[in-house]
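What follows is the content of work_30.csv, which has CSV, C-alpha atoms:
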```csv
chain,number,residue,atom,x,y,z
A,1,MET,CA,0.4,-13.3,-26.7
A,2,LYS,CA,0.5,-12.1,-23.1
A,3,VAL,CA,3.7,-10.8,-21.7
A,4,VAL,CA,4.7,-9.7,-18.2
A,5,SER,CA,6.3,-6.3,-17.4
A,6,ARG,CA,7.2,-4.6,-14.2
A,7,PRO,CA,5.6,-1.2,-13.5
A,8,ASP,CA,7.8,1.8,-13.6
A,9,VAL,CA,7.5,4.0,-10.5
A,10,ALA,CA,10.7,5.9,-11.0
A,11,GLY,CA,8.9,8.9,-12.6
A,12,ASN,CA,7.4,9.9,-9.3
A,13,ARG,CA,10.0,10.4,-6.6
A,14,ILE,CA,7.7,10.2,-3.7
A,15,VAL,CA,6.1,7.0,-4.9
A,16,HIS,CA,9.5,5.6,-5.8
A,17,SER,CA,10.8,6.4,-2.3
A,18,LEU,CA,7.9,4.7,-0.6
A,19,ASN,CA,8.1,1.8,-3.0
A,20,ARG,CA,11.7,1.2,-1.9
A,21,ARG,CA,10.9,1.7,1.8
A,22,ILE,CA,8.1,-0.8,1.7
A,23,ARG,CA,10.1,-3.4,-0.2
A,24,HIS,CA,13.0,-3.0,2.2
A,25,ALA,CA,10.7,-3.3,5.2
A,26,VAL,CA,9.8,-6.9,4.0
A,27,GLY,CA,13.3,-7.8,3.2
A,28,LEU,CA,13.4,-7.0,-0.5
A,29,THR,CA,16.6,-5.0,-0.4
A,30,GLN,CA,17.7,-6.0,-4.0
A,31,GLU,CA,16.3,-5.1,-7.3
A,32,PRO,CA,13.8,-7.6,-8.8
A,33,PRO,CA,15.4,-10.2,-11.2
A,34,PRO,CA,15.0,-9.6,-14.9
A,35,ILE,CA,11.9,-11.0,-16.5
A,36,CYS,CA,12.3,-13.6,-19.3
A,37,LEU,CA,9.6,-12.9,-21.9
A,38,GLU,CA,10.7,-15.6,-24.4
A,39,PRO,CA,8.4,-18.6,-24.0
A,40,SER,CA,11.0,-21.1,-25.1
A,41,LEU,CA,13.5,-19.9,-22.5
A,42,ALA,CA,11.3,-19.1,-19.5
A,43,TYR,CA,11.0,-21.6,-16.7
A,44,PHE,CA,7.3,-20.7,-16.0
A,45,PRO,CA,4.8,-19.8,-18.8
A,46,VAL,CA,5.2,-16.1,-19.6
A,47,ASP,CA,1.4,-15.7,-19.6
A,48,GLY,CA,0.8,-18.1,-16.7
A,49,VAL,CA,-1.1,-17.8,-13.5
A,50,ALA,CA,2.0,-18.2,-11.3
A,51,ARG,CA,3.4,-14.9,-12.7
A,52,LEU,CA,0.2,-13.2,-11.9
A,53,VAL,CA,-0.1,-14.6,-8.3
A,54,HIS,CA,3.6,-14.1,-7.4
A,55,GLY,CA,3.8,-10.6,-8.8
A,56,ASP,CA,1.3,-9.2,-6.2
A,57,LEU,CA,3.4,-8.1,-3.2
A,58,PRO,CA,0.7,-7.7,-0.5
A,59,ALA,CA,-1.0,-11.0,-1.4
A,60,MET,CA,2.3,-12.7,-1.3
A,61,ILE,CA,3.2,-11.2,2.1
A,62,ILE,CA,0.0,-12.5,3.5
A,63,GLY,CA,0.2,-15.9,1.7
A,64,GLY,CA,3.8,-16.3,2.6
A,65,MET,CA,3.1,-15.7,6.3
A,66,ALA,CA,0.3,-18.3,6.1
A,67,SER,CA,2.8,-20.7,4.6
A,68,LEU,CA,5.1,-20.2,7.6
A,69,PHE,CA,2.2,-20.9,10.0
A,70,LEU,CA,1.3,-24.1,8.1
A,71,GLN,CA,4.9,-25.4,7.7
A,72,MET,CA,5.7,-25.0,11.4
A,73,LEU,CA,3.0,-27.5,12.2
A,74,HIS,CA,5.1,-30.3,10.8
A,75,PRO,CA,7.6,-31.3,13.6
A,76,HIS,CA,10.2,-32.5,11.2
A,77,ALA,CA,10.1,-29.4,9.0
A,78,MET,CA,10.1,-27.2,12.1
A,79,ALA,CA,13.1,-29.2,13.6
A,80,GLY,CA,15.1,-28.5,10.5
A,81,VAL,CA,14.4,-24.8,10.8
A,82,ALA,CA,15.1,-24.6,14.5
A,83,GLN,CA,18.3,-26.6,14.4
A,84,HIS,CA,19.8,-25.3,11.2
A,85,SER,CA,18.6,-21.8,10.8
A,86,ARG,CA,19.2,-18.4,12.5
A,87,TYR,CA,15.8,-17.1,11.4
A,88,GLN,CA,15.3,-15.0,14.6
A,89,HIS,CA,18.6,-13.2,14.1
A,90,ASP,CA,18.4,-12.7,10.3
A,91,ALA,CA,14.8,-12.7,9.4
A,92,THR,CA,15.2,-10.2,6.6
A,93,GLY,CA,18.0,-12.2,5.1
A,94,ARG,CA,15.9,-15.3,5.0
A,95,LEU,CA,13.1,-13.4,3.5
A,96,LEU,CA,15.4,-12.1,0.8
A,97,GLN,CA,16.6,-15.6,0.0
A,98,THR,CA,13.1,-16.9,-0.3
A,99,ALA,CA,12.0,-13.9,-2.4
A,100,ASN,CA,15.0,-14.3,-4.8
A,101,PHE,CA,14.2,-18.0,-5.2
A,102,ILE,CA,10.5,-17.3,-6.0
A,103,GLY,CA,11.5,-14.4,-8.3
A,104,HIS,CA,14.1,-16.4,-10.3
A,105,THR,CA,11.9,-19.5,-10.7
A,106,THR,CA,8.8,-17.5,-11.5
A,107,TYR,CA,10.2,-14.9,-13.9
A,108,GLY,CA,13.6,-16.2,-14.9
A,109,THR,CA,15.0,-18.5,-17.5
A,110,LYS,CA,15.1,-22.3,-17.2
A,111,THR,CA,18.8,-22.0,-16.8
A,112,ALA,CA,18.6,-19.5,-13.9
A,113,ALA,CA,15.7,-21.4,-12.2
A,114,LEU,CA,17.5,-24.8,-12.3
A,115,LEU,CA,20.7,-23.2,-10.9
A,116,ASP,CA,18.7,-21.8,-8.0
A,117,ILE,CA,17.0,-25.2,-7.5
A,118,GLU,CA,20.4,-26.9,-7.4
A,119,ARG,CA,21.7,-24.4,-4.8
A,120,VAL,CA,18.7,-25.0,-2.6
A,121,LEU,CA,19.1,-28.7,-2.8
A,122,SER,CA,22.8,-28.4,-2.0
A,123,VAL,CA,22.1,-26.3,1.1
A,124,HIS,CA,19.4,-28.8,2.2
A,125,GLU,CA,21.9,-31.7,2.1
A,126,ALA,CA,23.3,-30.6,5.4
A,127,VAL,CA,19.8,-30.1,7.0
A,128,ARG,CA,19.3,-33.3,8.8
A,129,GLY,CA,19.0,-34.5,12.4
A,130,ILE,CA,16.7,-35.8,15.0
A,131,ALA,CA,13.3,-34.2,15.7
A,132,ASP,CA,11.7,-34.0,19.2
A,133,ASP,CA,9.8,-37.2,18.5
A,134,GLY,CA,13.1,-39.1,18.2
A,135,GLN,CA,12.7,-39.6,14.5
A,136,PRO,CA,15.3,-38.6,11.9
A,137,TYR,CA,14.5,-35.8,9.4
A,138,TYR,CA,16.2,-34.7,6.2
A,139,ALA,CA,15.3,-31.6,4.3
A,140,ASN,CA,15.6,-33.2,0.9
A,141,ASP,CA,13.3,-36.1,1.9
A,142,PRO,CA,10.7,-36.2,-1.0
A,143,HIS,CA,7.9,-36.5,1.5
A,144,LEU,CA,9.0,-33.5,3.5
A,145,LEU,CA,9.5,-31.6,0.3
A,146,SER,CA,6.0,-32.4,-0.7
A,147,TRP,CA,4.7,-30.9,2.6
A,148,VAL,CA,6.6,-27.7,2.0
A,149,HIS,CA,5.4,-27.5,-1.6
A,150,VAL,CA,1.8,-28.2,-0.8
A,151,SER,CA,1.6,-25.7,2.1
A,152,GLU,CA,3.3,-23.0,0.0
A,153,ALA,CA,1.2,-23.6,-3.1
A,154,TYR,CA,-2.0,-23.6,-1.1
A,155,THR,CA,-1.3,-20.5,0.9
A,156,PHE,CA,0.2,-18.5,-2.0
A,157,LEU,CA,-2.9,-19.2,-4.0
A,158,GLU,CA,-5.3,-18.5,-1.1
A,159,GLY,CA,-3.5,-15.3,-0.4
A,160,TYR,CA,-4.1,-14.1,-3.9
A,161,ARG,CA,-7.7,-15.3,-3.9
A,162,HIS,CA,-8.5,-13.3,-0.8
A,163,PHE,CA,-6.3,-10.2,-1.3
A,164,GLY,CA,-5.1,-10.2,-4.9
A,165,ALA,CA,-6.0,-7.6,-7.5
A,166,ILE,CA,-7.7,-9.9,-10.1
A,167,PRO,CA,-10.3,-12.6,-9.5
A,168,LEU,CA,-9.2,-16.1,-10.4
A,169,SER,CA,-11.5,-18.6,-12.1
A,170,ALA,CA,-11.7,-22.3,-11.3
A,171,SER,CA,-9.5,-23.0,-14.3
A,172,ASP,CA,-6.9,-20.5,-13.1
A,173,LEU,CA,-6.7,-22.4,-9.8
A,174,ASP,CA,-6.0,-25.6,-11.6
A,175,THR,CA,-3.5,-23.9,-13.9
A,176,TYR,CA,-1.6,-22.4,-11.0
A,177,VAL,CA,-1.3,-25.8,-9.3
A,178,LEU,CA,-0.2,-27.4,-12.5
A,179,GLU,CA,2.5,-24.8,-13.2
A,180,MET,CA,3.8,-25.1,-9.6
A,181,SER,CA,4.0,-28.9,-9.9
A,182,ARG,CA,7.0,-28.5,-12.2
A,183,LEU,CA,8.9,-26.6,-9.5
A,184,ALA,CA,7.9,-29.3,-7.0
A,185,HIS,CA,9.0,-32.1,-9.3
A,186,ASP,CA,12.4,-30.4,-10.0
A,187,LEU,CA,12.9,-30.0,-6.2
A,188,GLY,CA,12.3,-33.7,-5.7
A,189,ALA,CA,8.9,-33.6,-4.0
A,190,GLU,CA,6.8,-36.8,-4.3
A,191,HIS,CA,3.6,-36.9,-6.3
A,192,PRO,CA,3.1,-33.1,-6.8
A,193,PRO,CA,-0.6,-32.2,-7.2
A,194,THR,CA,-1.7,-31.0,-10.6
A,195,THR,CA,-5.2,-29.7,-9.8
A,196,TYR,CA,-6.6,-27.5,-7.0
A,197,ARG,CA,-8.7,-30.5,-5.8
A,198,GLU,CA,-5.6,-32.6,-5.5
A,199,LEU,CA,-3.8,-29.8,-3.7
A,200,ARG,CA,-6.5,-29.6,-1.0
A,201,ALA,CA,-6.6,-33.4,-0.7
A,202,GLN,CA,-2.9,-33.7,-0.2
A,203,LEU,CA,-2.9,-30.9,2.4
A,204,GLU,CA,-5.6,-32.8,4.3
A,205,ALA,CA,-3.7,-36.0,4.0
A,206,PHE,CA,-0.8,-34.5,6.1
A,207,ARG,CA,-3.0,-33.8,9.1
A,208,PRO,CA,-2.1,-37.0,11.1
A,209,GLU,CA,1.6,-35.9,11.0
A,210,LEU,CA,1.0,-32.3,12.2
A,211,ARG,CA,1.2,-30.8,15.7
A,212,LEU,CA,2.6,-27.7,17.3
A,213,SER,CA,6.0,-28.6,18.8
A,214,ALA,CA,7.9,-26.6,21.3
A,215,ASP,CA,10.0,-25.2,18.5
A,216,GLY,CA,6.8,-24.4,16.6
A,217,VAL,CA,5.5,-22.4,19.6
A,218,VAL,CA,8.7,-20.2,19.4
A,219,ALA,CA,8.4,-19.8,15.7
A,220,ARG,CA,4.6,-19.0,15.9
A,221,ASP,CA,5.2,-16.3,18.5
A,222,PHE,CA,8.1,-14.9,16.4
A,223,VAL,CA,5.9,-14.6,13.3
A,224,VAL,CA,3.0,-13.2,15.2
A,225,LYS,CA,5.1,-10.6,16.9
A,226,GLY,CA,7.2,-9.8,13.9
A,227,PHE,CA,10.7,-8.3,13.6
A,228,VAL,CA,9.9,-4.8,12.3
A,229,SER,CA,10.8,-1.7,14.2
A,230,THR,CA,8.5,1.3,13.7
A,231,PRO,CA,4.9,1.5,15.1
A,232,ALA,CA,3.5,1.7,11.6
A,233,GLN,CA,5.4,-1.4,10.5
A,234,ARG,CA,4.3,-3.3,13.6
A,235,PHE,CA,0.6,-2.3,13.0
A,236,ALA,CA,0.8,-3.5,9.4
A,237,HIS,CA,2.6,-6.7,10.3
A,238,ARG,CA,0.1,-7.6,13.0
A,239,ARG,CA,-2.8,-7.0,10.5
A,240,PHE,CA,-1.1,-9.1,7.8
A,241,ALA,CA,-0.2,-11.9,10.3
A,242,LEU,CA,-3.8,-12.2,11.5
A,243,ALA,CA,-5.1,-12.0,7.9
A,244,SER,CA,-2.7,-14.9,7.0
A,245,LEU,CA,-4.3,-17.0,9.7
A,246,GLU,CA,-7.6,-16.7,7.8
A,247,LEU,CA,-6.0,-18.5,4.9
A,248,VAL,CA,-5.1,-21.7,6.7
A,249,PRO,CA,-7.7,-24.4,7.3
A,250,GLU,CA,-9.7,-24.2,10.6
A,251,TRP,CA,-8.0,-27.3,12.0
A,252,ALA,CA,-4.6,-25.6,11.5
A,253,ARG,CA,-5.7,-22.5,13.3
A,254,GLU,CA,-6.9,-24.6,16.2
A,255,MET,CA,-3.4,-26.3,16.3
A,256,LEU,CA,-1.7,-22.9,16.2
A,257,ASP,CA,-3.9,-21.5,19.0
A,258,VAL,CA,-3.2,-17.8,18.3
A,259,PRO,CA,-5.5,-15.6,20.4
A,260,THR,CA,-7.4,-13.2,18.3
A,261,PRO,CA,-8.9,-10.1,20.0
A,262,THR,CA,-12.6,-9.2,19.3
A,263,TYR,CA,-11.5,-6.2,17.2
A,264,ASP,CA,-9.4,-8.3,14.9
A,265,ARG,CA,-12.2,-10.9,14.5
A,266,TYR,CA,-14.6,-8.3,13.2
A,267,LEU,CA,-12.3,-5.8,11.5
A,268,GLY,CA,-9.2,-7.7,10.8
A,269,HIS,CA,-9.9,-8.7,7.2
A,270,ALA,CA,-11.2,-5.3,6.2
A,271,THR,CA,-8.1,-3.6,7.7
A,272,ALA,CA,-5.8,-6.0,6.0
A,273,SER,CA,-7.6,-5.5,2.7
A,274,THR,CA,-7.1,-1.8,3.0
A,275,LEU,CA,-3.4,-2.1,3.9
A,276,ALA,CA,-3.0,-4.5,0.9
A,277,ALA,CA,-4.6,-1.9,-1.4
A,278,VAL,CA,-2.3,0.8,-0.1
A,279,THR,CA,0.8,-1.4,-0.4
A,280,ARG,CA,-0.3,-2.3,-4.0
A,281,TYR,CA,-0.6,1.4,-4.9
A,282,PHE,CA,3.0,2.1,-3.9
A,283,VAL,CA,4.4,-1.3,-5.0
A,284,PRO,CA,2.2,-2.2,-8.1
A,285,PRO,CA,2.0,-5.8,-9.1
A,286,VAL,CA,3.8,-7.2,-12.1
A,287,ARG,CA,1.4,-6.5,-15.0
A,288,VAL,CA,0.1,-9.1,-17.4
A,289,VAL,CA,-0.7,-7.2,-20.6
A,290,THR,CA,-1.8,-8.3,-24.1
A,291,VAL,CA,0.3,-7.3,-27.1
```
Represent the structure from my file as structure tokens, please.
Amino acid sequence: MKVVSRPDVAGNRIVHSLNRRIRHAVGLTQEPPPICLEPSLAYFPVDGVARLVHGDLPAMIIGGMASLFLQMLHPHAMAGVAQHSRYQHDATGRLLQTANFIGHTTYGTKTAALLDIERVLSVHEAVRGIADDGQPYYANDPHLLSWVHVSEAYTFLEGYRHFGAIPLSASDLDTYVLEMSRLAHDLGAEHPPTTYRELRAQLEAFRPELRLSADGVVARDFVVKGFVSTPAQRFAHRRFALASLELVPEWAREMLDVPTPTYDRYLGHATASTLAAVTRYFVPPVRVVTV
């Protein structure tokens, strides 16, 4: 059987200090949730692909930023964020909430995961209003939940494919999508994809609904600029942000219209890959080991 364990960096004080500083810089100010290793109790398979993908911090940072870029292209999803969120004033807090949700559902028990899902749905009950096109939106709308799920599953997976530590097979891609379909179903999304081909097809099917709204422009510029403070953090954030744009389809990049300097077009991926490797050294991924 395969089990998952977190690496121990406490033995090296320098590595441990940098581990904590890197995690805090991306909003991970709390200790990771405990890992459930009992297959009958775990929400996700203990030897599954989701635990492998979600346990790689640099790949998830890049994939997570890509998901933000994609999600902001839906005017109803973006309206909900703009009208009901203070993301520009508490970006790290929102990152921590998202990280906790991913951690609890990926590595936790069924009980812990379902409680988190209930909390998210409860919060979303109040997220409703009128978008800039005059149409009503509701965060728990199954169609809108499907968009959020598809964009996240696609970009998390692409982030790992491009910047993760272990190559994924075609079977791994399908397995990841199938595992994530359970989470989408429990959140109330309509018709969650169960294969990688279905995932890509559903993403394409949303294209007629997508555009960059005025609120989307504000969010795009905020994500590109970042909210970190030191020059080193700003450099890393910029590289990761540009790398994340590589993960979204070309048509989405055109909608987002983010200028990319010549330097970044030629060296951006290589620089981001190097930064990902450095980050992974100090914040090693959750290990999948055979016992």
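The smallest atom-to-atom distance between A:Leu256 and any of A:Leu68, A:Leu199, A:Val177, A:Ala276, using all atoms listed in the file, is found for A:Leu68.
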Option closest in space to A:Gly226, from A:Ala241, A:Leu212, A:Val53, A:Ala42 [counting all atoms listed in the file]: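 Among the listed residues, the smallest separation from A:Gly226 belongs to A:Ala241.
When the distance limit is 12 Å and only C-alpha atoms are what count, the residues near A:Ala126, minus those fewer than 6 positions from it on the same chain, are Gly80, Val81, Gln83, His84, Ser85, Val120, Tyr137, Tyr138, Ala139, Asn140 and Asp141 of chain A.
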Radius query 10 Å about (6.1, -1.9, 10.1), atoms used: only C-alpha atoms, as number ranges by chain: A: 22, 25-26, 226-238
Can I get the selected residues back with C-alpha atoms, as a PDB file, keeping the file's coordinate frame?
```pdb
ATOM      1  CA  ILE A  22       8.100  -0.800   1.700  1.00  0.00           C
ATOM      2  CA  ALA A  25      10.700  -3.300   5.200  1.00  0.00           C
ATOM      3  CA  VAL A  26       9.800  -6.900   4.000  1.00  0.00           C
ATOM      4  CA  GLY A 226       7.200  -9.800  13.900  1.00  0.00           C
ATOM      5  CA  PHE A 227      10.700  -8.300  13.600  1.00  0.00           C
ATOM      6  CA  VAL A 228       9.900  -4.800  12.300  1.00  0.00           C
ATOM      7  CA  SER A 229      10.800  -1.700  14.200  1.00  0.00           C
ATOM      8  CA  THR A 230       8.500   1.300  13.700  1.00  0.00           C
ATOM      9  CA  PRO A 231       4.900   1.500  15.100  1.00  0.00           C
ATOM     10  CA  ALA A 232       3.500   1.700  11.600  1.00  0.00           C
ATOM     11  CA  GLN A 233       5.400  -1.400  10.500  1.00  0.00           C
ATOM     12  CA  ARG A 234       4.300  -3.300  13.600  1.00  0.00           C
ATOM     13  CA  PHE A 235       0.600  -2.300  13.000  1.00  0.00           C
ATOM     14  CA  ALA A 236       0.800  -3.500   9.400  1.00  0.00           C
ATOM     15  CA  HIS A 237       2.600  -6.700  10.300  1.00  0.00           C
ATOM     16  CA  ARG A 238       0.100  -7.600  13.000  1.00  0.00           C
TER      17      ARG A 238
END
```
Interatomic distance, atom CA of A:Gln97 to atom CA of A:Leu144 (Å, one decimal):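 Those two atoms sit 19.8 Å apart.
Among A:Glu152, A:Tyr107, A:Asp116, A:His185, the residue with the shortest atom-to-atom distance to A:Pro34, counting only C-alpha atoms, is A:Tyr107.
For the pair atom CA of A:Ile35 and atom CA of A:Ser146, the interatomic distance is 27.2 Å.
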Nearest-residue call for A:Met65, choices A:Arg200, A:Arg220, A:His269, A:Arg280, using all atoms listed in the file: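 When distances to A:Met65 are compared using all atoms listed in the file, the smallest one comes from A:Arg220.
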Nearest to A:Leu37, chosen from A:Ile130, A:Ala153, A:Thr109, A:Asp186, with only C-alpha atoms counted in the distances: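 Counting only C-alpha atoms, the residue closest to A:Leu37 is A:Thr109.
Atom CA of A:Leu70 lies 13.6 Å from atom CA of A:Asp215.
The residues that lie within 9 Å of the point (-4.4, -6.6, 9.7), counting only C-alpha atoms, are Phe235, Ala236, His237, Arg238, Arg239, Phe240, Ala241, Leu242, Ala243, Ser244, Asp264, Leu267, Gly268, His269, Ala270, Thr271, Ala272, Ser273, Thr274 and Leu275 of chain A.
You can rank A:Met60, A:Ala277, A:Cys36, A:Leu73 by their closest distance to A:Glu158 using all atoms listed in the file, and at the top of that list sits A:Met60.
Within the 6 Å cut-off around A:Gly63, using all atoms listed in the file and omitting residues fewer than 5 positions from it on the same chain, the listed residues are Thr155, Phe156 and Gly159 of chain A.
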